[in-house]
Each structure stands twice: as C-alpha cells, then as structure tokens.
>>> print(open('my_file-v7.txt').read())   # compact mmCIF, C-alpha atoms and all ligand atoms
# COMPACT_ATOMS: atom_id res chain seq x y z
CA MET N 981 -86.00 -16.49 -11.92
CA GLU N 982 -88.44 -16.13 -9.09
CA ILE N 983 -87.11 -15.04 -5.72
CA GLU N 984 -89.60 -16.99 -3.64
CA ASP N 985 -88.06 -20.20 -2.26
CA HIS N 986 -84.78 -19.47 -4.05
CA VAL N 987 -81.44 -18.97 -2.33
CA ALA N 988 -78.98 -16.05 -2.58
CA LEU N 989 -75.41 -15.68 -1.40
CA ILE N 990 -74.72 -11.96 -0.88
CA SER N 991 -71.14 -10.79 -0.34
CA GLY N 992 -70.93 -7.55 1.59
CA GLY N 993 -74.44 -8.42 2.74
CA ALA N 994 -74.04 -6.91 6.21
CA SER N 995 -74.15 -3.26 5.13
CA GLY N 996 -75.39 -0.75 2.59
CA LEU N 997 -76.38 -2.08 -0.83
CA GLY N 998 -75.87 -5.74 0.12
CA GLU N 999 -77.91 -5.35 3.30
CA ALA N 1000 -80.81 -3.77 1.39
CA THR N 1001 -80.66 -6.66 -1.09
CA ALA N 1002 -80.75 -9.22 1.73
CA ARG N 1003 -83.82 -7.50 3.18
CA THR N 1004 -85.59 -7.39 -0.20
CA ILE N 1005 -84.91 -11.05 -1.01
CA ALA N 1006 -86.00 -12.20 2.45
CA ALA N 1007 -89.16 -10.05 2.22
CA ASP N 1008 -89.97 -11.66 -1.15
CA GLY N 1009 -89.83 -15.17 0.29
CA GLY N 1010 -86.24 -16.00 -0.67
CA ARG N 1011 -83.39 -17.27 1.54
CA VAL N 1012 -80.14 -15.42 2.05
CA VAL N 1013 -76.65 -16.31 3.14
CA ILE N 1014 -75.09 -13.04 4.23
CA LEU N 1015 -71.35 -13.18 3.65
CA ASP N 1016 -69.26 -10.41 5.16
CA ARG N 1017 -66.10 -9.84 7.15
CA ASP N 1018 -68.09 -7.69 9.62
CA GLU N 1019 -69.27 -10.31 12.09
CA ALA N 1020 -71.27 -8.04 14.41
CA LYS N 1021 -73.38 -6.43 11.68
CA GLY N 1022 -73.80 -9.68 9.76
CA GLN N 1023 -74.97 -11.64 12.81
CA ALA N 1024 -77.37 -8.86 13.81
CA LEU N 1025 -78.97 -8.72 10.35
CA ALA N 1026 -79.28 -12.51 10.11
CA ALA N 1027 -80.92 -12.60 13.55
CA GLU N 1028 -83.36 -9.89 12.51
CA LEU N 1029 -84.31 -11.68 9.27
CA GLY N 1030 -84.86 -14.95 11.15
CA ALA N 1031 -85.14 -18.38 9.53
CA ALA N 1032 -84.78 -16.92 6.01
CA ALA N 1033 -81.19 -15.82 6.66
CA ARG N 1034 -77.82 -17.09 7.79
CA PHE N 1035 -74.54 -15.28 8.34
CA CYS N 1036 -71.12 -16.55 7.26
CA ARG N 1037 -68.04 -14.58 8.21
CA ALA N 1038 -65.54 -14.59 5.35
CA ASP N 1039 -63.19 -12.39 3.43
CA VAL N 1040 -64.06 -12.41 -0.26
CA THR N 1041 -60.40 -12.93 -1.17
CA ASP N 1042 -60.26 -16.18 0.81
CA GLU N 1043 -61.07 -19.32 -1.19
CA ALA N 1044 -61.80 -21.50 1.84
CA GLY N 1045 -64.11 -18.87 3.35
CA ILE N 1046 -66.23 -18.58 0.19
CA ARG N 1047 -66.34 -22.36 -0.24
CA ALA N 1048 -67.60 -22.64 3.34
CA ALA N 1049 -70.33 -20.04 2.71
CA VAL N 1050 -71.48 -21.82 -0.47
CA LYS N 1051 -71.53 -25.12 1.42
CA ASP N 1052 -73.55 -23.45 4.16
CA ALA N 1053 -76.17 -22.39 1.59
CA LEU N 1054 -76.35 -25.92 0.17
CA ASP N 1055 -76.43 -27.62 3.59
CA HIS N 1056 -79.05 -25.36 5.16
CA PHE N 1057 -81.20 -24.20 2.26
CA GLY N 1058 -80.62 -27.09 -0.18
CA ALA N 1059 -79.39 -25.11 -3.21
CA LEU N 1060 -77.84 -21.84 -4.38
CA HIS N 1061 -79.50 -19.84 -7.19
CA PHE N 1062 -78.17 -16.28 -6.91
CA GLY N 1063 -74.65 -14.97 -6.34
CA ILE N 1064 -74.81 -11.25 -5.55
CA CYS N 1065 -71.44 -9.58 -5.15
CA CYS N 1066 -71.52 -6.32 -3.21
CA ALA N 1067 -68.38 -6.47 -1.05
CA GLY N 1068 -66.03 -3.66 -1.96
CA ILE N 1069 -63.74 -0.99 -0.59
CA GLY N 1070 -62.51 2.37 -1.77
CA ALA N 1071 -59.47 4.52 -1.06
CA ALA N 1072 -58.45 7.90 -2.40
CA LYS N 1073 -54.86 8.12 -3.60
CA ARG N 1074 -53.27 9.82 -6.59
CA VAL N 1075 -50.85 8.06 -8.96
CA VAL N 1076 -48.14 10.34 -7.60
CA GLY N 1077 -48.91 12.28 -4.44
CA ARG N 1078 -46.96 14.49 -2.03
CA ASP N 1079 -45.20 11.40 -0.65
CA GLY N 1080 -44.25 10.09 -4.09
CA ALA N 1081 -45.72 7.29 -6.19
CA MET N 1082 -48.76 5.45 -4.90
CA PRO N 1083 -47.50 2.40 -2.97
CA LEU N 1084 -48.03 -0.66 -5.12
CA ALA N 1085 -49.48 -2.55 -2.15
CA GLU N 1086 -52.33 -0.01 -1.88
CA PHE N 1087 -53.22 -0.46 -5.54
CA THR N 1088 -53.06 -4.23 -5.23
CA ARG N 1089 -55.20 -4.28 -2.08
CA ILE N 1090 -58.12 -2.55 -3.83
CA ILE N 1091 -57.81 -4.83 -6.87
CA ASP N 1092 -57.68 -7.88 -4.60
CA VAL N 1093 -60.82 -7.10 -2.62
CA ASN N 1094 -62.95 -5.55 -5.36
CA LEU N 1095 -61.95 -7.55 -8.43
CA VAL N 1096 -60.37 -10.80 -7.25
CA GLY N 1097 -62.86 -11.03 -4.37
CA THR N 1098 -65.79 -10.59 -6.74
CA PHE N 1099 -64.44 -13.22 -9.10
CA ASN N 1100 -63.68 -15.62 -6.24
CA THR N 1101 -67.26 -15.31 -5.00
CA LEU N 1102 -69.01 -15.63 -8.34
CA ARG N 1103 -66.93 -18.56 -9.63
CA LEU N 1104 -67.73 -20.70 -6.58
CA ALA N 1105 -71.37 -19.61 -6.54
CA ALA N 1106 -71.68 -20.52 -10.24
CA GLU N 1107 -70.15 -23.93 -9.62
CA ALA N 1108 -72.86 -24.65 -7.06
CA MET N 1109 -75.61 -23.33 -9.39
CA MET N 1110 -74.66 -25.96 -11.98
CA GLN N 1111 -76.22 -28.61 -9.73
CA ASN N 1112 -79.66 -26.96 -10.06
CA GLU N 1113 -82.37 -28.39 -12.27
CA PRO N 1114 -83.10 -25.74 -14.93
CA ASN N 1115 -86.45 -23.92 -14.62
CA ALA N 1116 -88.98 -23.55 -17.46
CA ASP N 1117 -86.79 -20.84 -19.04
CA GLY N 1118 -83.72 -23.09 -18.82
CA GLU N 1119 -82.24 -21.00 -16.01
CA ARG N 1120 -80.09 -22.46 -13.24
CA GLY N 1121 -78.95 -19.26 -11.59
CA VAL N 1122 -78.04 -15.58 -11.82
CA ILE N 1123 -74.90 -13.65 -10.90
CA VAL N 1124 -75.09 -9.95 -10.11
CA THR N 1125 -71.89 -7.97 -9.62
CA THR N 1126 -71.41 -4.40 -8.44
CA ALA N 1127 -69.13 -2.04 -10.34
CA SER N 1128 -69.49 1.75 -10.03
CA ILE N 1129 -69.80 4.67 -12.42
CA ALA N 1130 -66.15 5.19 -11.45
CA ALA N 1131 -65.54 2.36 -13.92
CA PHE N 1132 -66.27 4.96 -16.63
CA ASP N 1133 -65.86 8.42 -15.02
CA GLY N 1134 -63.09 7.83 -12.47
CA GLN N 1135 -62.19 10.94 -10.50
CA ILE N 1136 -58.86 12.23 -9.24
CA GLY N 1137 -57.59 9.77 -6.64
CA GLN N 1138 -59.72 6.88 -7.91
CA VAL N 1139 -57.14 5.10 -10.06
CA ALA N 1140 -57.19 1.80 -8.15
CA TYR N 1141 -60.94 1.86 -7.45
CA SER N 1142 -61.75 2.72 -11.08
CA ALA N 1143 -59.44 -0.01 -12.38
CA SER N 1144 -61.09 -2.60 -10.14
CA LYS N 1145 -64.61 -1.52 -11.12
CA ALA N 1146 -63.85 -1.25 -14.85
CA ALA N 1147 -62.56 -4.83 -14.68
CA ILE N 1148 -65.76 -5.97 -12.97
CA ALA N 1149 -67.81 -4.35 -15.74
CA GLY N 1150 -65.45 -5.76 -18.38
CA MET N 1151 -65.71 -9.35 -17.23
CA THR N 1152 -69.52 -9.34 -17.32
CA LEU N 1153 -69.88 -10.39 -20.96
CA PRO N 1154 -67.26 -13.18 -20.88
CA ILE N 1155 -68.81 -14.52 -17.66
CA ALA N 1156 -72.24 -14.53 -19.31
CA ARG N 1157 -70.78 -16.26 -22.37
CA ASP N 1158 -68.87 -18.83 -20.30
CA LEU N 1159 -71.96 -19.77 -18.32
CA ALA N 1160 -74.60 -19.46 -21.05
CA ALA N 1161 -74.62 -23.16 -21.87
CA ARG N 1162 -75.41 -23.84 -18.20
CA GLY N 1163 -78.34 -21.42 -18.03
CA ILE N 1164 -76.60 -19.01 -15.68
CA ARG N 1165 -76.85 -15.27 -16.39
CA ALA N 1166 -74.42 -12.54 -15.31
CA VAL N 1167 -75.38 -8.88 -14.98
CA CYS N 1168 -73.41 -5.98 -13.50
CA ILE N 1169 -74.83 -2.88 -11.79
CA ALA N 1170 -72.78 0.33 -11.88
CA PRO N 1171 -74.22 2.51 -9.10
CA GLY N 1172 -73.79 6.26 -8.95
CA LEU N 1173 -73.93 7.85 -5.49
CA PHE N 1174 -75.83 5.85 -2.88
CA GLU N 1175 -76.37 6.79 0.74
CA THR N 1176 -74.62 3.93 2.56
CA PRO N 1177 -72.01 3.69 5.32
CA LEU N 1178 -69.41 3.94 2.51
CA LEU N 1179 -70.37 7.65 2.31
CA GLY N 1180 -70.89 7.79 6.07
CA GLY N 1181 -67.93 10.03 6.74
CA LEU N 1182 -69.35 12.85 4.62
CA SER N 1183 -70.94 15.93 6.18
CA GLU N 1184 -74.52 16.90 5.33
CA GLU N 1185 -73.03 19.78 3.33
CA ALA N 1186 -70.86 17.42 1.29
CA LYS N 1187 -73.84 15.12 0.70
CA ALA N 1188 -75.93 18.09 -0.48
CA SER N 1189 -73.19 19.14 -2.85
CA LEU N 1190 -72.92 15.61 -4.29
CA SER N 1191 -76.70 15.38 -4.62
CA ALA N 1192 -76.80 18.63 -6.58
CA GLN N 1193 -74.54 17.06 -9.23
CA VAL N 1194 -77.10 14.37 -10.03
CA PRO N 1195 -79.31 15.59 -12.93
CA PHE N 1196 -82.46 13.72 -11.88
CA PRO N 1197 -83.46 12.87 -9.29
CA PRO N 1198 -81.10 15.38 -7.63
CA ARG N 1199 -80.39 13.31 -4.55
CA LEU N 1200 -78.37 10.33 -3.37
CA GLY N 1201 -79.71 6.91 -4.29
CA GLN N 1202 -81.21 4.86 -1.49
CA PRO N 1203 -80.07 1.24 -0.95
CA PRO N 1204 -83.58 -0.22 -1.57
CA GLU N 1205 -83.39 1.32 -5.08
CA TYR N 1206 -80.29 -0.78 -5.75
CA ALA N 1207 -82.07 -3.84 -4.30
CA ALA N 1208 -85.03 -3.17 -6.63
CA MET N 1209 -82.64 -3.30 -9.58
CA VAL N 1210 -81.22 -6.63 -8.35
CA LYS N 1211 -84.77 -7.96 -8.10
CA TYR N 1212 -85.55 -6.80 -11.64
CA ILE N 1213 -82.39 -8.54 -12.92
CA LEU N 1214 -83.20 -11.80 -11.13
CA ASN N 1215 -86.73 -11.74 -12.59
CA SER N 1216 -85.69 -10.91 -16.20
CA PRO N 1217 -84.41 -13.85 -18.28
CA MET N 1218 -83.44 -11.67 -21.28
CA LEU N 1219 -81.15 -9.47 -19.20
CA ASN N 1220 -77.67 -10.93 -19.54
CA GLY N 1221 -74.06 -9.90 -20.13
CA GLU N 1222 -74.78 -6.20 -19.54
CA THR N 1223 -73.64 -3.45 -17.16
CA ILE N 1224 -76.47 -1.16 -16.05
CA ARG N 1225 -75.73 2.34 -14.76
CA LEU N 1226 -77.99 3.28 -11.85
CA ASP N 1227 -77.02 6.90 -11.38
CA GLY N 1228 -79.73 9.50 -12.15
CA ALA N 1229 -77.75 10.45 -15.31
CA LEU N 1230 -74.73 11.52 -13.20
CA ARG N 1231 -71.44 11.84 -15.10
CA MET N 1232 -68.75 12.54 -12.55
CA SER N 1233 -66.40 15.49 -12.98
CA PRO N 1234 -62.62 15.11 -12.57
CA SER N 1235 -62.79 15.98 -8.86
N1 LIG O 1 -72.40 3.66 -1.96
C1 LIG O 1 -72.10 4.10 -3.18
O1 LIG O 1 -72.32 5.27 -3.50
C2 LIG O 1 -71.50 3.17 -4.20
C3 LIG O 1 -71.34 3.65 -5.50
C4 LIG O 1 -70.81 2.84 -6.47
C5 LIG O 1 -70.43 1.54 -6.15
N2 LIG O 1 -70.58 1.09 -4.87
C6 LIG O 1 -70.14 -0.28 -4.60
O2 LIG O 1 -71.20 -0.98 -3.99
C7 LIG O 1 -70.67 -2.01 -3.15
C8 LIG O 1 -71.34 -1.91 -1.79
O3 LIG O 1 -70.99 -0.66 -1.22
P1 LIG O 1 -71.79 0.00 -0.01
O4 LIG O 1 -71.94 1.43 -0.36
O5 LIG O 1 -72.95 -0.82 0.31
O6 LIG O 1 -70.65 -0.10 1.11
P2 LIG O 1 -70.69 -0.59 2.62
O7 LIG O 1 -69.35 -0.23 3.16
O8 LIG O 1 -71.92 -0.11 3.30
O9 LIG O 1 -70.80 -2.19 2.47
C9 LIG O 1 -69.73 -2.96 2.00
C10 LIG O 1 -69.70 -4.24 2.79
O10 LIG O 1 -68.65 -5.06 2.24
C11 LIG O 1 -67.95 -5.66 3.30
N3 LIG O 1 -66.60 -5.99 2.87
C12 LIG O 1 -65.62 -5.12 2.51
N4 LIG O 1 -64.52 -5.79 2.20
C13 LIG O 1 -64.79 -7.11 2.38
C14 LIG O 1 -64.03 -8.29 2.24
N5 LIG O 1 -62.75 -8.26 1.86
N6 LIG O 1 -64.63 -9.48 2.50
C15 LIG O 1 -65.92 -9.52 2.91
N7 LIG O 1 -66.69 -8.43 3.07
C16 LIG O 1 -66.12 -7.24 2.81
C17 LIG O 1 -67.96 -4.62 4.41
O11 LIG O 1 -67.71 -5.22 5.69
C18 LIG O 1 -69.36 -4.04 4.27
O12 LIG O 1 -70.29 -4.73 5.10
C19 LIG O 1 -69.15 -1.80 -3.13
O13 LIG O 1 -68.58 -2.71 -4.03
C20 LIG O 1 -68.99 -0.37 -3.61
O14 LIG O 1 -67.75 -0.17 -4.26
C21 LIG O 1 -71.11 1.87 -3.88
>>> encode(input="my_file-v7.txt", output="structure tokens", more="lines below")
Ligand SMILES: NC(=O)c1ccc[n+]([C@@H]2O[C@H](COP(=O)([O-])OP(=O)(O)OC[C@H]3O[C@@H](n4cnc5c(N)ncnc54)[C@H](O)[C@@H]3O)[C@@H](O)[C@H]2O)c1
Amino acid sequence: MEIEDHVALISGGASGLGEATARTIAADGGRVVILDRDEAKGQALAAELGAAARFCRADVTDEAGIRAAVKDALDHFGALHFGICCAGIGAAKRVVGRDGAMPLAEFTRIIDVNLVGTFNTLRLAAEAMMQNEPNADGERGVIVTTASIAAFDGQIGQVAYSASKAAIAGMTLPIARDLAARGIRAVCIAPGLFETPLLGGLSEEAKASLSAQVPFPPRLGQPPEYAAMVKYILNSPMLNGETIRLDGALRMSPS
C-alpha cells in the first residue's frame, strides 16, 4: 500500500524504532497516531511532526487505551491502514539466579507487555482496517510487528524476552492467514542490534564490542534502517506471513 494519505498507528512510537518509523511515514505524506506510555516524548514528537501526527498516551496492555487510540485515528484522520507494533521492554534475569528462581511476576510482565500488548494493539487495529475499501490490489491494511533475533538466538538472561519475541514471530503466519480474506497482511521484523534508547545504558566500549560481533556491516543498526524496512513492507503486496531478520548476519552467542 502507498504511505501517502494513509494512516498508521505506531505503538512505542515515541522512541527508538517506533519514532524513526513515525518520522518516515510523516515525511512520506502519511499520518501517524503515536501511541506510547511516555507522554513527554510522545507529545514532543507529535508537536514536531505537526498536522500529520497525533499522540495518544496508552499502555499496550490496556484494552480501553488502545481502543481510544484507534478511535482517535478514525475520528481525526478518517481511517486506519497500518498497525505498527514497536512497544517493548527487556529485562535480564536467569531462570535460576543467586536469589533463587526467577520470580514468576517478572516473566509474566515481559510476556504481558511484549506479546499480549502486541496482540492487543494489532487485533484492534485490524478490526478498524476492515472498514476500509480495498485498494486495486485488494488490500485494506498492513500489520507490522517487532520481534528480535533473541526469538531465535536468545542469550543468557533472556528467557522471558526471547519467549515473548519467539511468540510474536510465531503468530505472524496465523495472523496473516486469519486476515487474508480481508486483504490485511501481517509481517514481523526481527531486528538485531539497533542504536536506540533501549541500548542507551551501554558504554561506548560495550557498543564497540557489540558492533564487532556483527559480520557486515560491523556496526549497530540505525533506527531509520528499521523504518526503511517498514516502508518496504507496507509497499510490497506479496510480502505476507513472514518474519524478516534485520541484523547484518549477526547470530548471537550465549552471552
Ligand atoms: N534496539 C534494539 O537493538 C532492538 C533489537 C531487537 C528488538 N527490539 C525491539 O524493538 C522494539 C522497539 O525498541 P527500541 O529499541 O526502539 O526501544 P525504545 O525503548 O527506544 O522504545 C520503546 C518504546 O516503547 C514504549 N513502551 C514500552 N512499554 C510500553 C507499554 N507497556 N505501553 C506503551 N508503550 C510502551 C516506551 O515508552 C518507548 O517509547 C521493542 O519491541 C524491542 O524489543 C529492539
């Protein structure tokens, strides 16, 4: 589908990969509803992007909050065509650490935000897309989710994060199949290492060491490179039901 004059809801749109996607879609003549729990960053980005953007504060795990953001897109921009799910969190904890078994609540929290939050967002976005008139290719909308290469090469301490991301990758095909008759595609991106606030706590030395592990190009990915992949997906009707690694051929080691 074309981006120009089409409307995207972007969860986690206030920062990092989601922010870069919001900028790209707005620059290409699209409209964006930035959904995030970070009010200050979300409002600032929406103000910067001007009439093409709106901010909705919501937690992705909250049904009412996502419904309100979808309604905001319909009320202010007239339709919703793209549901781009970037909101996610990480936490490092082993199955059994020095303090004993990983608290179940910590495992559940990551699954809730990353997996349940992604599903909550995409299901309500897809419902709104069904109202769209199909375009010449029969398309009504596109869903893009964000897994991680930790879905496949989870490191020590990534048990909850990897489980959540593997589930996001795993649900891509059934989502695409469920929505095929409605002309809605679903594609998942599994990023490698991207330079976003998620990695913000790392020293320059740690970043250099991570970069050196990436075969080519031997550096961290930049958020606009993720946004370029989203754009390619939105524009490519044959791309459906697939998880795409975007990682410079990185295969992560155990630690
Ligand atoms: N940066 C990387 O190297 C990398 C690699 C693989 C996967 N990812 C995934 O990409 C996605 C985006 O990550 P990023 O690097 O841009 O991180 P980021 O921290 O810069 O952005 C994430 C955004 O999501 C928002 N968010 C978090 N929990 C939320 C919730 N419950 N409800 C609403 N908003 C919430 C945050 O406020 C933040 O604005 C995440 O799902 C992350 O797991 C990132």
>>> closest_residue(input="my_file-v7.txt", among="N:Val987, N:Ala1027, N:Leu1173, N:Ala1188", to="ligand LIG 1 (chain O)", atoms="only C-alpha atoms and all ligand atoms")
N:Leu1173
>>> closest_residue(input="my_file-v7.txt", among="N:Ala988, N:Ala1071, N:Leu1054, N:Met1110", to="ligand LIG 1 (chain O)", atoms="all atoms listed in the file")
N:Ala1071
>>> residues_near_ligand(input="my_file-v7.txt", ligand="ligand LIG 1 (chain O)", cutoff="6 Å", atoms="all atoms listed in the file", output="list in words")
Gly992, Ala994, Ser995, Gly996, Leu997, Gly998, Asp1016, Arg1017, Asp1018, Ala1038, Asp1039, Val1040, Cys1066, Ala1067, Gly1068, Ile1069, Val1093, Thr1126, Ala1127, Ser1128, Pro1171, Gly1172, Leu1173, Phe1174, Glu1175, Thr1176, Pro1177 and Leu1178 of chain N
>>> axis_aligned_box(input="my_file-v7.txt", around="region 1039-1047 of chain N", padding_each_side="8 Å", output="lines of an AutoDock Vina configuration file")
center_x = -63.3
center_y = -17.4
center_z = 1.1
size_x = 22.1
size_y = 26.0
size_z = 20.6
>>> residues_around(input="my_file-v7.txt", residues="Gly1118 (chain N)", least_positions_apart="3", cutoff="6 Å", atoms="all atoms listed in the file", output="list of chain:residue names")
N:Pro1114, N:Asn1115, N:Gly1163
>>> residues_around(input="my_file-v7.txt", residues="region 1046-1048 of chain N", least_positions_apart="4", cutoff="10 Å", atoms="only C-alpha atoms", output="PyMOL selection string")
chain N and resi 989+991+1015+1036-1042+1052-1054+1097+1100-1105+1108
>>> atom_distance(input="my_file-v7.txt", atom1="CA of Ala1130 (chain N)", atom2="CA of Lys1145 (chain N)")
6.9 Å
>>> closest_residue(input="my_file-v7.txt", among="N:Ala1207, N:Ala1186, N:Met1082, N:Leu1226", to="Gly1137 (chain N)", atoms="only C-alpha atoms")
N:Met1082
>>> residues_near_point(input="my_file-v7.txt", point="(-51.8, 2.0, -5.8)", cutoff="9 Å", atoms="all atoms listed in the file", output="PyMOL selection string")
chain N and resi 1073-1075+1081-1090+1139-1140
>>> residues_near_point(input="my_file-v7.txt", point="(-86.7, -22.2, 1.6)", cutoff="6 Å", atoms="all atoms listed in the file", output="NGL selection string")
:N and (985 or 1011 or 1057)
>>> closest_residue(input="my_file-v7.txt", among="N:Leu1214, N:Val1050, N:Ala1059, N:Ile1224", to="Ala1131 (chain N)", atoms="all atoms listed in the file")
N:Ile1224
>>> residues_around(input="my_file-v7.txt", residues="region 1156-1160 of chain N", least_positions_apart="4", cutoff="12 Å", atoms="only C-alpha atoms", output="ChimeraX atom specification")
/N:1102-1103,1105-1107,1109-1110,1118-1125,1149-1152,1164-1168,1217-1223
>>> atom_distance(input="my_file-v7.txt", atom1="CA of Glu1019 (chain N)", atom2="CA of Ala1146 (chain N)")
28.9 Å
>>> closest_residue(input="my_file-v7.txt", among="N:Thr1004, N:Ser1233, N:Ser1189, N:Gln1111", to="Ile1129 (chain N)", atoms="only C-alpha atoms")
N:Ser1233
>>> residues_around(input="my_file-v7.txt", residues="Leu1095 (chain N)", least_positions_apart="6", cutoff="8 Å", atoms="all atoms listed in the file", output="PDB file with C-alpha atoms, in the coordinates of the input")
ATOM      1  CA  SER N1144     -61.090  -2.600 -10.140  1.00  0.00           C
ATOM      2  CA  LYS N1145     -64.610  -1.520 -11.120  1.00  0.00           C
ATOM      3  CA  ALA N1147     -62.560  -4.830 -14.680  1.00  0.00           C
ATOM      4  CA  ILE N1148     -65.760  -5.970 -12.970  1.00  0.00           C
TER       5      ILE N1148
END
>>> closest_residue(input="my_file-v7.txt", among="N:Glu1043, N:Glu984, N:Asp1117, N:Asp1133", to="Asp1008 (chain N)", atoms="only C-alpha atoms")
N:Glu984
>>> atom_distance(input="my_file-v7.txt", atom1="CA of Gln1202 (chain N)", atom2="CA of Ala1143 (chain N)")
24.8 Å
>>> residues_around(input="my_file-v7.txt", residues="Pro1234 (chain N)", least_positions_apart="3", cutoff="9 Å", atoms="only C-alpha atoms", output="PDB file with C-alpha atoms, in the coordinates of the input")
ATOM      1  CA  ASP N1133     -65.860   8.420 -15.020  1.00  0.00           C
ATOM      2  CA  GLY N1134     -63.090   7.830 -12.470  1.00  0.00           C
ATOM      3  CA  GLN N1135     -62.190  10.940 -10.500  1.00  0.00           C
ATOM      4  CA  ILE N1136     -58.860  12.230  -9.240  1.00  0.00           C
TER       5      ILE N1136
END
>>> build_atoms(input="my_file-v7.txt", residues="region 1122-1145 of chain N", atoms="N, CA and C atoms", output="PDB file, in the frame of the given file")
ATOM      1  N   VAL N1122     -78.358 -16.937 -11.356  1.00  0.00           N
ATOM      2  CA  VAL N1122     -78.040 -15.580 -11.820  1.00  0.00           C
ATOM      3  C   VAL N1122     -76.913 -15.012 -10.938  1.00  0.00           C
ATOM      4  N   ILE N1123     -75.971 -14.357 -11.602  1.00  0.00           N
ATOM      5  CA  ILE N1123     -74.900 -13.650 -10.900  1.00  0.00           C
ATOM      6  C   ILE N1123     -75.096 -12.157 -11.096  1.00  0.00           C
ATOM      7  N   VAL N1124     -75.023 -11.412 -10.012  1.00  0.00           N
ATOM      8  CA  VAL N1124     -75.090  -9.950 -10.110  1.00  0.00           C
ATOM      9  C   VAL N1124     -73.830  -9.397  -9.449  1.00  0.00           C
ATOM     10  N   THR N1125     -73.088  -8.592 -10.194  1.00  0.00           N
ATOM     11  CA  THR N1125     -71.890  -7.970  -9.620  1.00  0.00           C
ATOM     12  C   THR N1125     -72.119  -6.463  -9.473  1.00  0.00           C
ATOM     13  N   THR N1126     -71.248  -5.832  -8.700  1.00  0.00           N
ATOM     14  CA  THR N1126     -71.410  -4.400  -8.440  1.00  0.00           C
ATOM     15  C   THR N1126     -70.137  -3.663  -8.851  1.00  0.00           C
ATOM     16  N   ALA N1127     -70.252  -2.903  -9.928  1.00  0.00           N
ATOM     17  CA  ALA N1127     -69.130  -2.040 -10.340  1.00  0.00           C
ATOM     18  C   ALA N1127     -69.371  -0.676  -9.711  1.00  0.00           C
ATOM     19  N   SER N1128     -69.277   0.372 -10.488  1.00  0.00           N
ATOM     20  CA  SER N1128     -69.490   1.750 -10.030  1.00  0.00           C
ATOM     21  C   SER N1128     -69.397   2.600 -11.285  1.00  0.00           C
ATOM     22  N   ILE N1129     -70.000   3.797 -11.260  1.00  0.00           N
ATOM     23  CA  ILE N1129     -69.800   4.670 -12.420  1.00  0.00           C
ATOM     24  C   ILE N1129     -68.345   5.139 -12.486  1.00  0.00           C
ATOM     25  N   ALA N1130     -67.590   4.903 -11.402  1.00  0.00           N
ATOM     26  CA  ALA N1130     -66.150   5.190 -11.450  1.00  0.00           C
ATOM     27  C   ALA N1130     -65.430   4.271 -12.428  1.00  0.00           C
ATOM     28  N   ALA N1131     -66.105   3.205 -12.871  1.00  0.00           N
ATOM     29  CA  ALA N1131     -65.540   2.360 -13.920  1.00  0.00           C
ATOM     30  C   ALA N1131     -65.379   3.156 -15.215  1.00  0.00           C
ATOM     31  N   PHE N1132     -66.247   4.182 -15.380  1.00  0.00           N
ATOM     32  CA  PHE N1132     -66.270   4.960 -16.630  1.00  0.00           C
ATOM     33  C   PHE N1132     -65.823   6.402 -16.427  1.00  0.00           C
ATOM     34  N   ASP N1133     -66.176   7.003 -15.284  1.00  0.00           N
ATOM     35  CA  ASP N1133     -65.860   8.420 -15.020  1.00  0.00           C
ATOM     36  C   ASP N1133     -65.019   8.531 -13.745  1.00  0.00           C
ATOM     37  N   GLY N1134     -63.921   7.799 -13.678  1.00  0.00           N
ATOM     38  CA  GLY N1134     -63.090   7.830 -12.470  1.00  0.00           C
ATOM     39  C   GLY N1134     -62.563   9.218 -12.179  1.00  0.00           C
ATOM     40  N   GLN N1135     -62.632   9.597 -10.898  1.00  0.00           N
ATOM     41  CA  GLN N1135     -62.190  10.940 -10.500  1.00  0.00           C
ATOM     42  C   GLN N1135     -60.731  10.930 -10.042  1.00  0.00           C
ATOM     43  N   ILE N1136     -60.209  12.108  -9.792  1.00  0.00           N
ATOM     44  CA  ILE N1136     -58.860  12.230  -9.240  1.00  0.00           C
ATOM     45  C   ILE N1136     -58.791  11.410  -7.954  1.00  0.00           C
ATOM     46  N   GLY N1137     -57.762  10.591  -7.843  1.00  0.00           N
ATOM     47  CA  GLY N1137     -57.590   9.770  -6.640  1.00  0.00           C
ATOM     48  C   GLY N1137     -58.274   8.412  -6.718  1.00  0.00           C
ATOM     49  N   GLN N1138     -58.968   8.138  -7.833  1.00  0.00           N
ATOM     50  CA  GLN N1138     -59.720   6.880  -7.910  1.00  0.00           C
ATOM     51  C   GLN N1138     -59.059   5.846  -8.828  1.00  0.00           C
ATOM     52  N   VAL N1139     -57.757   5.971  -9.049  1.00  0.00           N
ATOM     53  CA  VAL N1139     -57.140   5.100 -10.060  1.00  0.00           C
ATOM     54  C   VAL N1139     -57.319   3.622  -9.740  1.00  0.00           C
ATOM     55  N   ALA N1140     -57.081   3.224  -8.500  1.00  0.00           N
ATOM     56  CA  ALA N1140     -57.190   1.800  -8.150  1.00  0.00           C
ATOM     57  C   ALA N1140     -58.652   1.362  -8.139  1.00  0.00           C
ATOM     58  N   TYR N1141     -59.506   2.185  -7.525  1.00  0.00           N
ATOM     59  CA  TYR N1141     -60.940   1.860  -7.450  1.00  0.00           C
ATOM     60  C   TYR N1141     -61.527   1.750  -8.858  1.00  0.00           C
ATOM     61  N   SER N1142     -61.218   2.737  -9.714  1.00  0.00           N
ATOM     62  CA  SER N1142     -61.750   2.720 -11.080  1.00  0.00           C
ATOM     63  C   SER N1142     -61.266   1.501 -11.852  1.00  0.00           C
ATOM     64  N   ALA N1143     -59.987   1.167 -11.676  1.00  0.00           N
ATOM     65  CA  ALA N1143     -59.440  -0.010 -12.380  1.00  0.00           C
ATOM     66  C   ALA N1143     -60.179  -1.264 -11.948  1.00  0.00           C
ATOM     67  N   SER N1144     -60.417  -1.391 -10.637  1.00  0.00           N
ATOM     68  CA  SER N1144     -61.090  -2.600 -10.140  1.00  0.00           C
ATOM     69  C   SER N1144     -62.526  -2.660 -10.669  1.00  0.00           C
ATOM     70  N   LYS N1145     -63.207  -1.523 -10.705  1.00  0.00           N
ATOM     71  CA  LYS N1145     -64.610  -1.520 -11.120  1.00  0.00           C
ATOM     72  C   LYS N1145     -64.752  -1.665 -12.638  1.00  0.00           C
TER      73      LYS N1145
END
